[in-house]
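**Q** This is start_21.csv (CSV, C-alpha atoms and all ligand atoms).
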```
chain,number,residue,atom,x,y,z
A,14,MET,CA,9.3,-22.4,-13.6
A,15,GLN,CA,12.6,-20.5,-13.2
A,16,LYS,CA,14.3,-20.9,-9.8
A,17,ILE,CA,13.5,-18.0,-7.5
A,18,ASP,CA,16.1,-16.4,-5.2
A,19,TRP,CA,13.6,-16.0,-2.3
A,20,GLU,CA,16.0,-14.1,0.0
A,21,ASN,CA,16.7,-11.4,-2.6
A,22,LEU,CA,13.4,-10.6,-4.2
A,23,GLY,CA,13.2,-6.9,-3.8
A,24,PHE,CA,10.0,-5.3,-5.1
A,25,SER,CA,9.6,-5.8,-8.9
A,26,TYR,CA,7.3,-7.5,-11.3
A,27,ARG,CA,7.7,-11.0,-12.4
A,28,ASP,CA,5.3,-13.3,-14.3
A,29,THR,CA,3.4,-15.8,-12.3
A,30,ASN,CA,1.0,-18.6,-13.4
A,31,CYS,CA,-2.0,-16.3,-13.9
A,32,HIS,CA,-4.1,-13.4,-12.7
A,33,ILE,CA,-7.9,-13.6,-12.1
A,34,ARG,CA,-10.2,-11.4,-14.1
A,35,HIS,CA,-13.9,-10.5,-13.6
A,36,SER,CA,-16.1,-8.4,-15.9
A,37,TRP,CA,-19.0,-6.2,-15.0
A,38,ARG,CA,-21.7,-5.7,-17.7
A,39,ASN,CA,-25.3,-4.6,-17.4
A,40,GLY,CA,-25.0,-4.3,-13.7
A,41,VAL,CA,-23.7,-7.8,-13.0
A,42,TRP,CA,-20.3,-9.2,-12.2
A,43,ASP,CA,-19.4,-12.5,-14.0
A,44,ASP,CA,-17.8,-15.6,-12.3
A,45,GLY,CA,-14.3,-14.6,-13.3
A,46,GLU,CA,-11.6,-16.6,-14.9
A,47,LEU,CA,-7.9,-17.3,-14.3
A,48,CYS,CA,-5.9,-15.9,-17.2
A,49,ALA,CA,-2.4,-17.2,-18.0
A,50,SER,CA,-1.5,-14.3,-20.3
A,51,PRO,CA,-0.5,-11.1,-18.5
A,52,TYR,CA,-2.0,-9.0,-21.3
A,53,LEU,CA,-5.4,-7.4,-21.5
A,54,ASN,CA,-7.1,-6.7,-24.8
A,55,MET,CA,-8.8,-3.3,-24.4
A,56,HIS,CA,-10.8,-0.9,-26.6
A,57,VAL,CA,-8.9,2.2,-27.5
A,58,ALA,CA,-11.8,4.3,-26.1
A,59,ALA,CA,-11.9,2.5,-22.7
A,60,GLY,CA,-12.9,5.0,-20.0
A,61,CYS,CA,-9.9,4.2,-17.8
A,62,LEU,CA,-7.4,5.1,-20.5
A,63,HIS,CA,-8.9,8.6,-21.1
A,64,TYR,CA,-10.5,9.7,-17.9
A,65,GLY,CA,-8.6,7.8,-15.3
A,66,GLN,CA,-11.2,5.5,-13.9
A,67,ALA,CA,-8.7,3.2,-12.3
A,68,ALA,CA,-8.4,2.1,-8.7
A,69,PHE,CA,-5.9,-0.3,-7.2
A,70,GLU,CA,-5.1,-1.9,-3.9
A,71,GLY,CA,-2.1,-3.5,-2.3
A,72,LEU,CA,-2.1,-6.3,0.2
A,73,LYS,CA,0.0,-9.3,1.1
A,74,ALA,CA,-0.3,-13.0,1.8
A,75,PHE,CA,2.3,-14.8,3.9
A,76,CYS,CA,3.4,-18.3,4.2
A,77,CYS,CA,3.3,-18.7,8.0
A,78,LYS,CA,5.2,-20.6,10.6
A,79,ASP,CA,2.5,-23.4,10.8
A,80,GLY,CA,2.7,-23.8,7.0
A,81,LYS,CA,-0.6,-22.1,6.3
A,82,VAL,CA,-1.1,-19.2,4.0
A,83,ARG,CA,-2.8,-16.1,5.3
A,84,ILE,CA,-3.8,-12.8,3.8
A,85,PHE,CA,-3.4,-9.8,6.0
A,86,ARG,CA,-6.5,-7.7,6.6
A,87,PRO,CA,-8.2,-8.3,3.3
A,88,LEU,CA,-11.5,-6.9,4.3
A,89,ASP,CA,-10.0,-3.6,5.0
A,90,ASN,CA,-8.5,-3.4,1.5
A,91,ILE,CA,-11.8,-4.6,0.0
A,92,ARG,CA,-13.7,-1.8,1.8
A,93,ARG,CA,-11.2,0.8,0.9
A,94,MET,CA,-11.5,-0.2,-2.8
A,95,ALA,CA,-15.3,0.1,-2.4
A,96,MET,CA,-14.8,3.6,-1.1
A,97,THR,CA,-12.6,4.5,-4.0
A,98,ALA,CA,-15.1,3.0,-6.5
A,99,ARG,CA,-17.9,5.1,-5.1
A,100,ARG,CA,-15.9,8.3,-5.3
A,101,ILE,CA,-15.0,7.8,-9.0
A,102,CYS,CA,-18.4,6.3,-10.1
A,103,MET,CA,-17.4,2.7,-10.5
A,104,PRO,CA,-19.4,-0.3,-9.3
A,105,GLU,CA,-18.2,-1.9,-6.0
A,106,VAL,CA,-16.8,-5.4,-6.1
A,107,PRO,CA,-19.0,-7.5,-3.7
A,108,GLU,CA,-17.0,-8.7,-0.6
A,109,GLU,CA,-17.8,-12.4,-1.1
A,110,LEU,CA,-16.8,-12.3,-4.8
A,111,TYR,CA,-13.6,-10.4,-3.9
A,112,ILE,CA,-12.5,-12.8,-1.2
A,113,LYS,CA,-13.2,-15.8,-3.5
A,114,ALA,CA,-11.1,-14.1,-6.2
A,115,LEU,CA,-8.3,-13.5,-3.8
A,116,GLU,CA,-8.3,-17.2,-2.7
A,117,ARG,CA,-8.5,-18.5,-6.2
A,118,VAL,CA,-5.6,-16.5,-7.5
A,119,ILE,CA,-3.5,-17.3,-4.5
A,120,ARG,CA,-4.2,-21.0,-4.8
A,121,ALA,CA,-3.4,-20.9,-8.5
A,122,ASN,CA,0.0,-19.2,-7.7
A,123,ARG,CA,1.0,-21.1,-4.6
A,124,ALA,CA,4.4,-21.9,-6.1
A,125,PHE,CA,5.1,-18.2,-6.0
A,126,ILE,CA,4.5,-17.6,-2.3
A,127,PRO,CA,7.9,-17.1,-0.6
A,128,PRO,CA,8.5,-19.9,1.9
A,129,TYR,CA,8.4,-19.1,5.6
A,130,GLY,CA,11.8,-17.8,6.9
A,131,THR,CA,12.8,-16.1,3.7
A,132,GLY,CA,11.3,-12.7,4.8
A,133,GLY,CA,9.3,-12.5,1.6
A,134,SER,CA,5.6,-12.4,0.9
A,135,LEU,CA,3.1,-12.6,-1.9
A,136,TYR,CA,2.2,-9.0,-2.9
A,137,ILE,CA,-1.4,-8.9,-4.2
A,138,ARG,CA,-2.5,-6.1,-6.5
A,139,PRO,CA,-6.2,-5.8,-7.2
A,140,LEU,CA,-7.1,-3.4,-10.0
A,141,LEU,CA,-10.6,-2.0,-10.9
A,142,ILE,CA,-10.9,-0.2,-14.2
A,143,GLY,CA,-13.5,1.4,-16.4
A,144,SER,CA,-13.0,-0.8,-19.5
A,145,GLY,CA,-16.2,0.2,-21.3
A,146,VAL,CA,-16.1,2.5,-24.4
A,147,GLN,CA,-16.6,6.1,-23.3
A,148,ILE,CA,-15.7,9.1,-25.4
A,149,GLY,CA,-17.7,11.9,-23.7
A,150,ILE,CA,-16.9,12.6,-20.1
A,151,ALA,CA,-19.0,10.1,-18.1
A,152,PRO,CA,-18.4,6.9,-16.2
A,153,ALA,CA,-17.6,3.9,-18.4
A,154,GLY,CA,-20.5,1.4,-18.9
A,155,GLU,CA,-18.3,-1.7,-18.3
A,156,TYR,CA,-15.7,-2.6,-15.8
A,157,THR,CA,-12.9,-5.0,-15.3
A,158,PHE,CA,-11.7,-6.2,-11.9
A,159,LEU,CA,-8.5,-8.2,-11.8
A,160,ILE,CA,-6.0,-9.4,-9.3
A,161,LEU,CA,-2.4,-10.1,-10.0
A,162,VAL,CA,0.2,-11.4,-7.6
A,163,VAL,CA,4.0,-11.0,-7.3
A,164,PRO,CA,6.4,-12.5,-4.8
A,165,VAL,CA,8.2,-9.6,-3.1
A,166,GLY,CA,10.9,-8.8,-0.5
A,167,ALA,CA,11.8,-5.3,0.8
A,168,TYR,CA,10.5,-2.3,-1.1
A,169,TYR,CA,13.5,-0.1,-0.3
A,170,LYS,CA,16.9,-1.8,-0.6
A,171,GLY,CA,18.1,-3.0,2.8
A,172,GLY,CA,14.9,-3.6,4.6
A,173,LEU,CA,14.8,-1.9,7.9
A,174,HIS,CA,17.6,0.5,7.0
A,175,PRO,CA,16.7,4.2,7.1
A,176,VAL,CA,16.1,6.2,4.0
A,177,LYS,CA,16.3,9.9,3.1
A,178,ALA,CA,13.2,11.9,2.2
A,179,VAL,CA,12.7,15.2,0.6
A,180,ILE,CA,10.0,17.9,0.4
A,181,TYR,CA,9.5,19.9,-2.8
A,182,ASP,CA,7.6,23.1,-2.5
A,183,ASP,CA,6.8,23.2,-6.2
A,184,PHE,CA,4.9,19.9,-6.3
A,185,ASP,CA,1.6,18.9,-4.7
A,186,ARG,CA,0.1,15.5,-4.8
A,187,ALA,CA,-3.5,15.8,-3.6
A,188,ALA,CA,-6.0,18.7,-3.2
A,189,PRO,CA,-7.9,19.1,0.1
A,190,LEU,CA,-11.2,18.0,-1.4
A,191,GLY,CA,-9.7,15.9,-4.2
A,192,VAL,CA,-8.9,12.2,-4.3
A,193,GLY,CA,-5.9,11.9,-2.1
A,194,GLY,CA,-8.0,10.0,0.5
A,195,ILE,CA,-8.7,7.1,-1.9
A,196,LYS,CA,-6.5,4.9,-4.0
A,197,VAL,CA,-6.9,6.1,-7.6
A,198,ALA,CA,-4.1,5.5,-10.1
A,199,GLY,CA,-4.1,9.2,-10.9
A,200,ASN,CA,-2.6,10.1,-7.5
A,201,TYR,CA,0.5,8.2,-8.5
A,202,ALA,CA,0.7,9.9,-11.9
A,203,ALA,CA,0.5,13.2,-10.0
A,204,SER,CA,3.6,12.3,-7.9
A,205,LEU,CA,5.7,10.5,-10.6
A,206,PHE,CA,7.7,13.5,-11.7
A,207,ALA,CA,8.6,14.6,-8.2
A,208,HIS,CA,9.3,10.9,-7.3
A,209,GLU,CA,11.8,10.5,-10.2
A,210,LYS,CA,13.4,13.9,-9.3
A,211,ALA,CA,13.8,12.7,-5.7
A,212,LYS,CA,15.4,9.5,-6.7
A,213,MET,CA,17.8,11.3,-9.1
A,214,GLU,CA,18.8,13.6,-6.2
A,215,GLY,CA,19.5,10.6,-3.9
A,216,PHE,CA,16.3,10.5,-1.9
A,217,ALA,CA,14.2,7.3,-1.6
A,218,VAL,CA,10.9,9.2,-1.4
A,219,GLU,CA,9.3,12.6,-1.3
A,220,LEU,CA,7.1,13.8,1.6
A,221,TYR,CA,4.1,16.0,0.8
A,222,LEU,CA,2.8,18.9,2.7
A,223,ASP,CA,-0.9,20.0,2.6
A,224,ALA,CA,-1.5,21.5,-0.9
A,225,LYS,CA,-3.4,24.6,0.4
A,226,THR,CA,-0.9,26.1,2.9
A,227,HIS,CA,2.3,23.9,2.8
A,228,THR,CA,2.3,24.1,6.5
A,229,PHE,CA,1.2,20.7,7.6
A,230,VAL,CA,2.7,17.3,6.9
A,231,GLU,CA,0.5,14.9,4.9
A,232,GLU,CA,2.2,11.7,3.7
A,233,PHE,CA,4.9,10.1,1.5
A,234,ALA,CA,4.3,9.2,-2.1
A,235,THR,CA,4.1,5.6,-1.2
A,236,SER,CA,3.1,5.5,2.4
A,237,ASN,CA,1.8,7.3,5.5
A,238,PHE,CA,3.9,9.4,7.9
A,239,VAL,CA,4.5,8.3,11.5
A,240,GLY,CA,6.5,10.2,14.1
A,241,ILE,CA,7.5,9.3,17.6
A,242,THR,CA,7.8,12.3,19.9
A,243,ALA,CA,10.6,12.7,22.5
A,244,ASP,CA,8.2,11.6,25.2
A,245,GLY,CA,7.2,8.5,23.2
A,246,ALA,CA,3.8,9.4,21.6
A,247,TYR,CA,2.9,7.9,18.2
A,248,VAL,CA,1.8,10.8,16.0
A,249,THR,CA,0.3,10.5,12.5
A,250,PRO,CA,-1.2,13.3,10.4
A,251,GLU,CA,-5.0,13.6,10.0
A,252,SER,CA,-6.2,15.1,6.7
A,253,THR,CA,-8.9,14.4,4.1
A,254,SER,CA,-6.2,14.1,1.4
A,255,ILE,CA,-4.2,11.3,3.0
A,256,LEU,CA,-4.8,7.7,2.1
A,257,PRO,CA,-6.1,5.8,5.2
A,258,SER,CA,-3.3,3.3,5.5
A,259,ILE,CA,-4.2,-0.2,6.8
A,260,THR,CA,-0.6,-0.6,8.0
A,261,ASN,CA,-0.9,2.6,10.0
A,262,LEU,CA,-4.2,1.4,11.6
A,263,THR,CA,-2.4,-1.8,12.5
A,264,LEU,CA,0.6,0.0,14.0
A,265,MET,CA,-1.6,2.4,15.9
A,266,GLU,CA,-3.4,-0.6,17.5
A,267,LEU,CA,-0.1,-2.2,18.4
A,268,ALA,CA,1.3,1.1,19.7
A,269,ARG,CA,-1.7,1.5,22.0
A,270,GLU,CA,-1.3,-2.1,23.2
A,271,GLN,CA,2.3,-1.2,24.0
A,272,GLY,CA,1.1,1.8,26.1
A,273,LEU,CA,2.0,4.5,23.7
A,274,ASP,CA,-0.1,7.6,23.4
A,275,VAL,CA,-1.5,7.5,19.8
A,276,GLN,CA,-2.3,10.9,18.3
A,277,ALA,CA,-4.0,11.3,14.8
A,278,ARG,CA,-3.9,15.0,14.4
A,279,SER,CA,-2.5,17.9,12.3
A,280,VAL,CA,1.3,17.8,12.3
A,281,ARG,CA,3.1,21.1,11.5
A,282,PHE,CA,6.2,21.0,9.4
A,283,ASP,CA,7.9,22.9,12.2
A,284,GLU,CA,7.4,19.9,14.5
A,285,LEU,CA,9.5,17.6,12.4
A,286,GLU,CA,12.7,18.4,14.2
A,287,ASN,CA,11.2,17.4,17.5
A,288,PHE,CA,10.5,13.7,16.6
A,289,SER,CA,13.0,11.1,17.8
A,290,GLU,CA,11.9,8.7,15.1
A,291,ILE,CA,10.1,9.2,11.8
A,292,GLY,CA,8.9,6.4,9.5
A,293,ALA,CA,7.0,5.6,6.4
A,294,CYS,CA,4.4,2.9,6.7
A,295,GLY,CA,2.4,1.0,4.2
A,296,THR,CA,1.9,-2.5,2.8
A,297,ALA,CA,4.9,-2.4,0.4
A,298,VAL,CA,7.3,-0.4,2.7
A,299,VAL,CA,6.0,-2.0,5.9
A,300,LEU,CA,7.7,0.5,8.4
A,301,THR,CA,10.7,2.1,6.9
A,302,PRO,CA,12.7,4.5,9.1
A,303,VAL,CA,13.5,7.9,7.7
A,304,CYS,CA,16.8,9.4,8.8
A,305,SER,CA,16.6,12.8,7.2
A,306,ILE,CA,14.1,15.2,5.6
A,307,THR,CA,15.4,17.8,3.2
A,308,ARG,CA,13.5,21.0,2.3
A,309,GLY,CA,15.4,23.4,0.2
A,310,GLU,CA,18.6,24.2,2.1
A,311,ARG,CA,17.3,22.8,5.3
A,312,VAL,CA,18.1,19.2,6.4
A,313,ILE,CA,16.3,17.8,9.4
A,314,ARG,CA,18.1,14.8,10.8
A,315,ILE,CA,16.1,12.2,12.8
A,316,GLY,CA,17.2,9.2,14.8
A,317,PRO,CA,20.1,6.9,14.0
A,318,GLU,CA,21.7,7.2,10.5
A,319,GLN,CA,22.3,3.4,10.4
A,320,GLY,CA,19.8,1.1,12.1
A,321,CYS,CA,16.3,1.8,13.3
A,322,GLY,CA,15.0,3.5,16.5
A,323,ALA,CA,13.8,1.3,19.3
A,324,VAL,CA,10.0,2.1,19.0
A,325,PHE,CA,9.9,1.3,15.3
A,326,GLN,CA,12.0,-1.8,15.7
A,327,SER,CA,9.6,-3.2,18.2
A,328,LEU,CA,6.5,-2.3,16.2
A,329,TYR,CA,8.0,-3.7,13.1
A,330,GLU,CA,8.9,-7.0,14.8
A,331,ARG,CA,5.4,-7.3,16.3
A,332,VAL,CA,3.5,-6.7,13.1
A,333,GLN,CA,5.7,-9.2,11.2
A,334,ALA,CA,5.2,-11.7,14.0
A,335,ILE,CA,1.5,-11.5,13.6
A,336,GLN,CA,1.7,-11.6,9.8
A,337,TYR,CA,3.8,-14.8,9.9
A,338,SER,CA,1.7,-16.3,12.7
A,339,GLU,CA,4.6,-16.3,15.1
A,340,ALA,CA,2.4,-14.3,17.5
A,341,PRO,CA,-1.3,-14.7,18.3
A,342,ASP,CA,-3.7,-12.8,16.0
A,343,ARG,CA,-5.8,-11.2,18.7
A,344,TYR,CA,-7.6,-8.9,16.3
A,345,GLY,CA,-8.6,-11.4,13.7
A,346,TRP,CA,-6.5,-9.7,11.0
A,347,CYS,CA,-5.3,-12.8,9.2
A,348,HIS,CA,-7.4,-14.7,6.7
A,349,VAL,CA,-6.4,-18.3,6.1
A,350,VAL,CA,-6.5,-19.4,2.5
A,351,GLU,CA,-7.4,-23.1,2.3
A,352,MET,CA,-5.0,-24.6,-0.3
A,353,ASP,CA,-7.2,-27.5,-1.4
A,354,ASP,CA,-9.2,-26.5,-4.5
B,1,LIG,N1,-0.3,6.2,1.3
B,1,LIG,C1,-0.1,5.9,0.0
B,1,LIG,C2,0.0,7.1,-0.9
B,1,LIG,C3,0.1,4.6,-0.5
B,1,LIG,O1,0.3,4.4,-1.8
B,1,LIG,C4,0.0,3.6,0.4
B,1,LIG,C5,0.1,2.2,0.0
B,1,LIG,O2,-0.9,1.5,-0.2
B,1,LIG,C6,-0.2,3.9,1.8
B,1,LIG,C7,-0.3,5.2,2.2
B,1,LIG,C8,-0.2,2.8,2.8
B,1,LIG,O3,-1.5,2.1,2.8
B,1,LIG,P1,-1.5,0.6,3.3
B,1,LIG,O4,-0.9,0.5,4.6
B,1,LIG,O5,-3.0,0.3,3.3
B,1,LIG,O6,-0.8,-0.2,2.3
B,2,LIG,C1,1.3,-0.6,-1.3
B,2,LIG,O1,2.0,-0.4,-0.4
B,2,LIG,O2,0.6,-1.6,-1.5
B,2,LIG,C2,1.2,0.5,-2.4
B,2,LIG,O3,0.2,0.4,-3.1
B,2,LIG,C3,2.2,1.5,-2.6
B,2,LIG,C4,2.9,1.4,-3.9
B,2,LIG,C5,3.8,2.5,-3.9
B,2,LIG,C6,3.7,0.1,-4.1
```
Can you turn what I pasted into structure tokens?
Ligand code: PLP
Ligand code: COI

**A**
Amino acid sequence: MQKIDWENLGFSYRDTNCHIRHSWRNGVWDDGELCASPYLNMHVAAGCLHYGQAAFEGLKAFCCKDGKVRIFRPLDNIRRMAMTARRICMPEVPEELYIKALERVIRANRAFIPPYGTGGSLYIRPLLIGSGVQIGIAPAGEYTFLILVVPVGAYYKGGLHPVKAVIYDDFDRAAPLGVGGIKVAGNYAASLFAHEKAKMEGFAVELYLDAKTHTFVEEFATSNFVGITADGAYVTPESTSILPSITNLTLMELAREQGLDVQARSVRFDELENFSEIGACGTAVVLTPVCSITRGERVIRIGPEQGCGAVFQSLYERVQAIQYSEAPDRYGWCHVVEMDD
């Protein structure tokens, strides 16, 4: 195994020992196998390739202060994938099978879990796809569920440093009654062009408004939107086309604990300039402060241009402390992976 520079991982793919793969045929999931090759042999008429039956998840495992390895809120990801599966006519992965698969693939890749103190984690990417042959429009008759893992550091360069965001009025991501509220691969295809344009123009990420009226804030391409009002309320948009972020649920709980007023409600674009802090939250980005939002000629500046606002700083530290088991896990969010086979 090549030596890994744990402190400077960033967020990019690297090969590990293996991924785990299960198949669904005739209504039954098999026992799964660990596959060393990162390639998948697939029929050219597989449903996922033509009709987009592809769902994924993102979660993390941490090497904790006490030396144990814990996955953060796995059941929430499992249930969200089940919700995605139902919406695009795929079989759900049973919870027990899913947890066992997570544990197996993590154990098999223990050498790739960033050590405690490096700031890294093991990013876990479950994928559920229609792998059966399907040429007329219909759900595929066979499915593949796999989980790959990658050691990662910060998603955006510089960790807790603020990033610039942009709104493009000529691109939407998710229709009001479409699939924005679930994690289908097509949502990311829908945002790729705008995402690349944003990066080329010097923005880390684009922020989407509601597709119907372009009046309300929805979410970033990679993460949910959170704003802190001048009087200290935690505000996050509510809409059917936003992905229910598990990180956001976590932060809301911690914000309530901290005595903040937590509001999940419609957020008008006009309100943006009133926030004292704005952030993007998600598994990959954790909680990334946003220092400006550009829409056409208008630039809305928020919070400090360097560093991070006080509310996000404290929420970020608290969530990380729970993830690395430096603080008590009062909500039972962390799932220990026993390392003995
Ligand atoms: N919104 C989008 C579009 C995402 O891709 C993600 C990442 O998973 C999130 C929000 C954040 O969700 P979570 O906190 O569950 O990772
Ligand atoms: C995650 O945060 O896990 C995601 O799936 C977002 C993706 C853009 C990396």

**Q** What residues have any atom no more than 9 Å from ligand LIG 1 (chain B) when counting only C-alpha atoms and all ligand atoms, and can you list them as number ranges by chain?

**A** A: 69-72, 89-90, 93, 193-196, 200-201, 232-238, 255-263, 293-299

**Q** If we count only C-alpha atoms and set the cut-off at 6 Å, which residues sit around stretch 119-126 of chain A, ignoring sequence neighbours fewer than 5 positions away in its own chain? Please answer as a count of residues only.

**A** 4

**Q** Could you state the separation of atom CA of A:Leu264 and atom CA of A:Ile291 in Å, given to one decimal place?

**A** 13.4 Å

**Q** Ranking A:Glu290, A:Pro127, A:Val192, A:Lys177 by minimum distance to A:Gly215 and counting all atoms listed in the file, which one comes first?

**A**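 The closest residue to A:Gly215 is A:Lys177.
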
**Q** Do you have the atom CA of A:Val239-atom CA of A:Ala95 distance handy?

**A**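 Interatomic distance here is 25.5 Å.
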
**Q** For the atom pair atom CA of A:Ser327 and atom CA of A:Leu88, what is the interatomic distance in Å to one decimal place?

**A**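 Interatomic distance, atom CA of A:Ser327 to atom CA of A:Leu88: 25.5 Å.
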
**Q** Contacts of A:Tyr136 at 10 Å or less, counting only C-alpha atoms, minus same-chain residues fewer than 2 places along, as a list of chain:residue names?

**A**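 Listed by chain and then number, they are A:Phe24, A:Tyr26, A:Gly71, A:Leu72, A:Lys73, A:Ala74, A:Phe75, A:Ile84, A:Ile126, A:Gly133, A:Ser134, A:Arg138, A:Pro139, A:Leu161, A:Val162, A:Val163, A:Pro164, A:Val165, A:Gly166, A:Thr296, A:Ala297.
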
**Q** Restricting the calculation to all atoms listed in the file: of A:Leu173, A:Met213, A:Leu141, A:Ala178, which residue gets closest to A:Gly320?

**A**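 Using all atoms listed in the file, A:Gly320 sits closest to A:Leu173.
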
**Q** Which of these, A:Thr307, A:Ser204, A:Ser279, A:Thr226, has the shortest distance to A:Pro189 once you count only C-alpha atoms?

**A** A:Thr226

**Q** Residues near A:Gln276, anyone? I mean within 12 Å using all atoms listed in the file, not counting same-chain ones fewer than 3 positions away, as a list in words.

**A**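 Selected residues are Val239, Gly240, Ile241, Thr242, Gly245, Ala246, Tyr247, Val248, Thr249, Pro250, Glu251, Asn261, Leu262, Met265, Glu266, Ala268, Arg269, Leu273, Ser279 and Val280 of chain A.
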
**Q** Between A:Ile112, A:Ile306, A:Val118, A:Val176, which residue has the minimum interatomic distance to A:Cys321, considering all atoms listed in the file?

**A**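 Comparing A:Ile112, A:Ile306, A:Val118, A:Val176 against A:Cys321, the winner is A:Val176.
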
**Q** Taking all atoms listed in the file into account, which of A:His227, A:Lys210, A:Lys81, A:His174 comes nearest A:Ala187?

**A**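 Closest to A:Ala187, using all atoms listed in the file: A:His227.
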
**Q** Restricting the calculation to all atoms listed in the file: of A:Gln326, A:Thr29, A:Thr301, A:Ser252, which residue gets closest to ligand LIG 2 (chain B)?

**A** A:Thr301

**Q** Can you tell me, as an mmCIF file with C-alpha atoms, in the frame of the given file, what residues are no more than 12 Å from A:Cys102 when counting all atoms listed in the file, ignoring any on the same chain fewer than 5 positions away?

**A**
```
data_model
loop_
_atom_site.group_PDB
_atom_site.id
_atom_site.type_symbol
_atom_site.label_atom_id
_atom_site.label_comp_id
_atom_site.auth_asym_id
_atom_site.auth_seq_id
_atom_site.Cartn_x
_atom_site.Cartn_y
_atom_site.Cartn_z
ATOM 1 C CA GLY A 60 -12.900 5.000 -20.000
ATOM 2 C CA CYS A 61 -9.900 4.200 -17.800
ATOM 3 C CA TYR A 64 -10.500 9.700 -17.900
ATOM 4 C CA GLY A 65 -8.600 7.800 -15.300
ATOM 5 C CA GLN A 66 -11.200 5.500 -13.900
ATOM 6 C CA ALA A 67 -8.700 3.200 -12.300
ATOM 7 C CA ALA A 68 -8.400 2.100 -8.700
ATOM 8 C CA MET A 94 -11.500 -0.200 -2.800
ATOM 9 C CA ALA A 95 -15.300 0.100 -2.400
ATOM 10 C CA MET A 96 -14.800 3.600 -1.100
ATOM 11 C CA THR A 97 -12.600 4.500 -4.000
ATOM 12 C CA LEU A 141 -10.600 -2.000 -10.900
ATOM 13 C CA ILE A 142 -10.900 -0.200 -14.200
ATOM 14 C CA GLY A 143 -13.500 1.400 -16.400
ATOM 15 C CA ILE A 150 -16.900 12.600 -20.100
ATOM 16 C CA ALA A 151 -19.000 10.100 -18.100
ATOM 17 C CA PRO A 152 -18.400 6.900 -16.200
ATOM 18 C CA ALA A 153 -17.600 3.900 -18.400
ATOM 19 C CA GLY A 154 -20.500 1.400 -18.900
ATOM 20 C CA GLU A 155 -18.300 -1.700 -18.300
ATOM 21 C CA TYR A 156 -15.700 -2.600 -15.800
ATOM 22 C CA VAL A 197 -6.900 6.100 -7.600
#
```

**Q** Please provide the set of residues having any atom within 9 Å of A:His348, restricted to all atoms listed in the file, with same-chain residues fewer than 3 positions apart removed, written as a ChimeraX atom specification.

**A** /A:74,82-87,345

**Q** Reconstruct stretch 288-300 of chain A at the level of N, CA and C atoms, and format the result as a PDB file, keeping the file's coordinate frame.

**A**
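Output saved as selection.pdb:
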```pdb
ATOM      1  N   PHE A 288      10.776  15.195  16.470  1.00  0.00           N
ATOM      2  CA  PHE A 288      10.500  13.700  16.600  1.00  0.00           C
ATOM      3  C   PHE A 288      11.834  12.980  16.765  1.00  0.00           C
ATOM      4  N   SER A 289      11.751  11.949  17.599  1.00  0.00           N
ATOM      5  CA  SER A 289      13.000  11.100  17.800  1.00  0.00           C
ATOM      6  C   SER A 289      13.035  10.020  16.756  1.00  0.00           C
ATOM      7  N   GLU A 290      11.880   9.647  16.190  1.00  0.00           N
ATOM      8  CA  GLU A 290      11.900   8.700  15.100  1.00  0.00           C
ATOM      9  C   GLU A 290      10.809   9.148  14.081  1.00  0.00           C
ATOM     10  N   ILE A 291      11.111   8.981  12.811  1.00  0.00           N
ATOM     11  CA  ILE A 291      10.100   9.200  11.800  1.00  0.00           C
ATOM     12  C   ILE A 291      10.137   8.030  10.844  1.00  0.00           C
ATOM     13  N   GLY A 292       8.942   7.611  10.414  1.00  0.00           N
ATOM     14  CA  GLY A 292       8.900   6.400   9.500  1.00  0.00           C
ATOM     15  C   GLY A 292       7.832   6.572   8.471  1.00  0.00           C
ATOM     16  N   ALA A 293       7.980   5.741   7.436  1.00  0.00           N
ATOM     17  CA  ALA A 293       7.000   5.600   6.400  1.00  0.00           C
ATOM     18  C   ALA A 293       6.347   4.268   6.525  1.00  0.00           C
ATOM     19  N   CYS A 294       5.004   4.235   6.560  1.00  0.00           N
ATOM     20  CA  CYS A 294       4.400   2.900   6.700  1.00  0.00           C
ATOM     21  C   CYS A 294       3.359   2.641   5.646  1.00  0.00           C
ATOM     22  N   GLY A 295       3.345   1.385   5.209  1.00  0.00           N
ATOM     23  CA  GLY A 295       2.400   1.000   4.200  1.00  0.00           C
ATOM     24  C   GLY A 295       2.654  -0.517   3.883  1.00  0.00           C
ATOM     25  N   THR A 296       1.785  -1.110   3.096  1.00  0.00           N
ATOM     26  CA  THR A 296       1.900  -2.500   2.800  1.00  0.00           C
ATOM     27  C   THR A 296       3.274  -2.844   2.174  1.00  0.00           C
ATOM     28  N   ALA A 297       3.634  -2.088   1.157  1.00  0.00           N
ATOM     29  CA  ALA A 297       4.900  -2.400   0.400  1.00  0.00           C
ATOM     30  C   ALA A 297       6.097  -2.034   1.297  1.00  0.00           C
ATOM     31  N   VAL A 298       6.091  -0.888   1.930  1.00  0.00           N
ATOM     32  CA  VAL A 298       7.300  -0.400   2.700  1.00  0.00           C
ATOM     33  C   VAL A 298       7.310  -0.938   4.105  1.00  0.00           C
ATOM     34  N   VAL A 299       6.230  -1.558   4.559  1.00  0.00           N
ATOM     35  CA  VAL A 299       6.000  -2.000   5.900  1.00  0.00           C
ATOM     36  C   VAL A 299       6.208  -0.817   6.883  1.00  0.00           C
ATOM     37  N   LEU A 300       7.365  -0.718   7.544  1.00  0.00           N
ATOM     38  CA  LEU A 300       7.700   0.500   8.400  1.00  0.00           C
ATOM     39  C   LEU A 300       9.132   0.777   8.112  1.00  0.00           C
TER      40      LEU A 300
END
```
